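Everything on this sheet refers to the single structure shown next.
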Amino acid sequence: MDLVADENSSKILEYTKDRLSKLGLKVKIAAKIKAKEFNLAFINAPCFYEEHKIKDPYKTYKNAFVQHFITEPNDHAIKVIFINLVIKYEIIKKEFFLLNM
């Protein structure tokens with residue numbers, strides 16, 4: 001999900017989608033957070049929202065697993081972002097499984 005919507009954000013999301021797809025994941029770019037699904041949300045750094053005096057879109061969700069990221073990810077960062085998302089899922093579901101990436 002793109003919460004930045006600037007000239008570079010669509011390229012960043014396409015790159016992220018491509019890299020996650022190469023890990024064997026089914027990925028689509030959505031317009032909103034989907035309950036009970038894994039969600040990645042691209043946002044600006046908190047200081048951006050403070051400087052522009054606009055509401056920071058970062059928030060937690062009860063029925064959705066969301067990992068926010070604020071910088072253009074490289075291959076390693078994409079794996080870390082995904083692993084963090086899986087950890088959030090495990091904590092909420094009180095389940096644990098090993099992820100071999």
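Residue numbers start at 1 in each chain; chains themselves are named A, B, ... in the order of the structure tokens; ligands are numbered from 1 in the order shown.
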
Original post:
If you count only C-alpha atoms, which residues fall within 8 Å of stretch 23-40 of chain A, apart from same-chain ones fewer than 5 positions away, as a list in words?
Top reply: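 These residues fall inside the cut-off: Met1, Asp2, Leu13, Lys17, Asn63, Ala64, Phe65, Val66, Gln67, His68, Phe69, Leu85 and Met101 of chain A.
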
**OP:** List every residue of chain A that DSSP, applied to the backbone of this structure, places in helix (DSSP H, G or I), and write the result as a VMD selection string.
**Re:** chain A and resid 9 to 22 46 to 51 75 to 93

Got time to write the residues from that selection, C-alpha atoms, as a short mmCIF file (atom, residue, chain, number, x, y, z; two decimals), in the first residue's frame?
```cif
data_model
loop_
_atom_site.label_atom_id
_atom_site.label_comp_id
_atom_site.auth_asym_id
_atom_site.auth_seq_id
_atom_site.Cartn_x
_atom_site.Cartn_y
_atom_site.Cartn_z
CA SER A 9 6.83 5.67 -4.55
CA SER A 10 5.23 3.67 -7.36
CA LYS A 11 8.71 2.58 -8.53
CA ILE A 12 9.62 1.59 -4.98
CA LEU A 13 6.44 -0.47 -4.62
CA GLU A 14 6.96 -2.19 -7.98
CA TYR A 15 10.55 -3.04 -7.03
CA THR A 16 9.38 -4.37 -3.65
CA LYS A 17 6.61 -6.38 -5.32
CA ASP A 18 9.07 -7.85 -7.83
CA ARG A 19 11.56 -8.86 -5.14
CA LEU A 20 8.89 -10.47 -2.94
CA SER A 21 7.47 -12.29 -5.97
CA LYS A 22 10.92 -13.74 -6.63
CA PRO A 46 7.76 10.64 11.08
CA CYS A 47 9.67 13.93 10.74
CA PHE A 48 8.04 14.49 7.31
CA TYR A 49 4.59 14.57 8.89
CA GLU A 50 5.79 16.82 11.70
CA GLU A 51 7.41 19.29 9.29
CA ASP A 75 17.03 -6.99 -1.28
CA HIS A 76 18.19 -7.49 2.31
CA ALA A 77 15.80 -4.83 3.67
CA ILE A 78 12.87 -6.44 1.84
CA LYS A 79 13.59 -9.76 3.55
CA VAL A 80 13.84 -8.00 6.93
CA ILE A 81 10.55 -6.14 6.31
CA PHE A 82 8.83 -9.41 5.43
CA ILE A 83 10.30 -11.25 8.42
CA ASN A 84 9.09 -8.44 10.73
CA LEU A 85 5.62 -8.81 9.24
CA VAL A 86 5.66 -12.56 9.87
CA ILE A 87 6.79 -11.98 13.46
CA LYS A 88 3.84 -9.60 14.00
CA TYR A 89 1.55 -12.32 12.65
CA GLU A 90 3.06 -14.90 14.97
CA ILE A 91 2.68 -12.65 18.02
CA ILE A 92 -0.94 -11.80 17.27
CA LYS A 93 -1.87 -15.40 16.45
#
```

Original post:
So which bits of chain A end up strand (DSSP E or B) when you DSSP the backbone, as a PyMOL selection string?
Top reply: chain A and resi 2+38-42+65-69

Subject >> d(atom CA of A:Asn74, atom CA of A:Ala5) in Å >> reply: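 Computing the Euclidean distance for atom CA of A:Asn74 and atom CA of A:Ala5 yields 19.4 Å.
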
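In this structure, atom CA of A:Phe96 sits 28.7 Å away from atom CA of A:Pro57.
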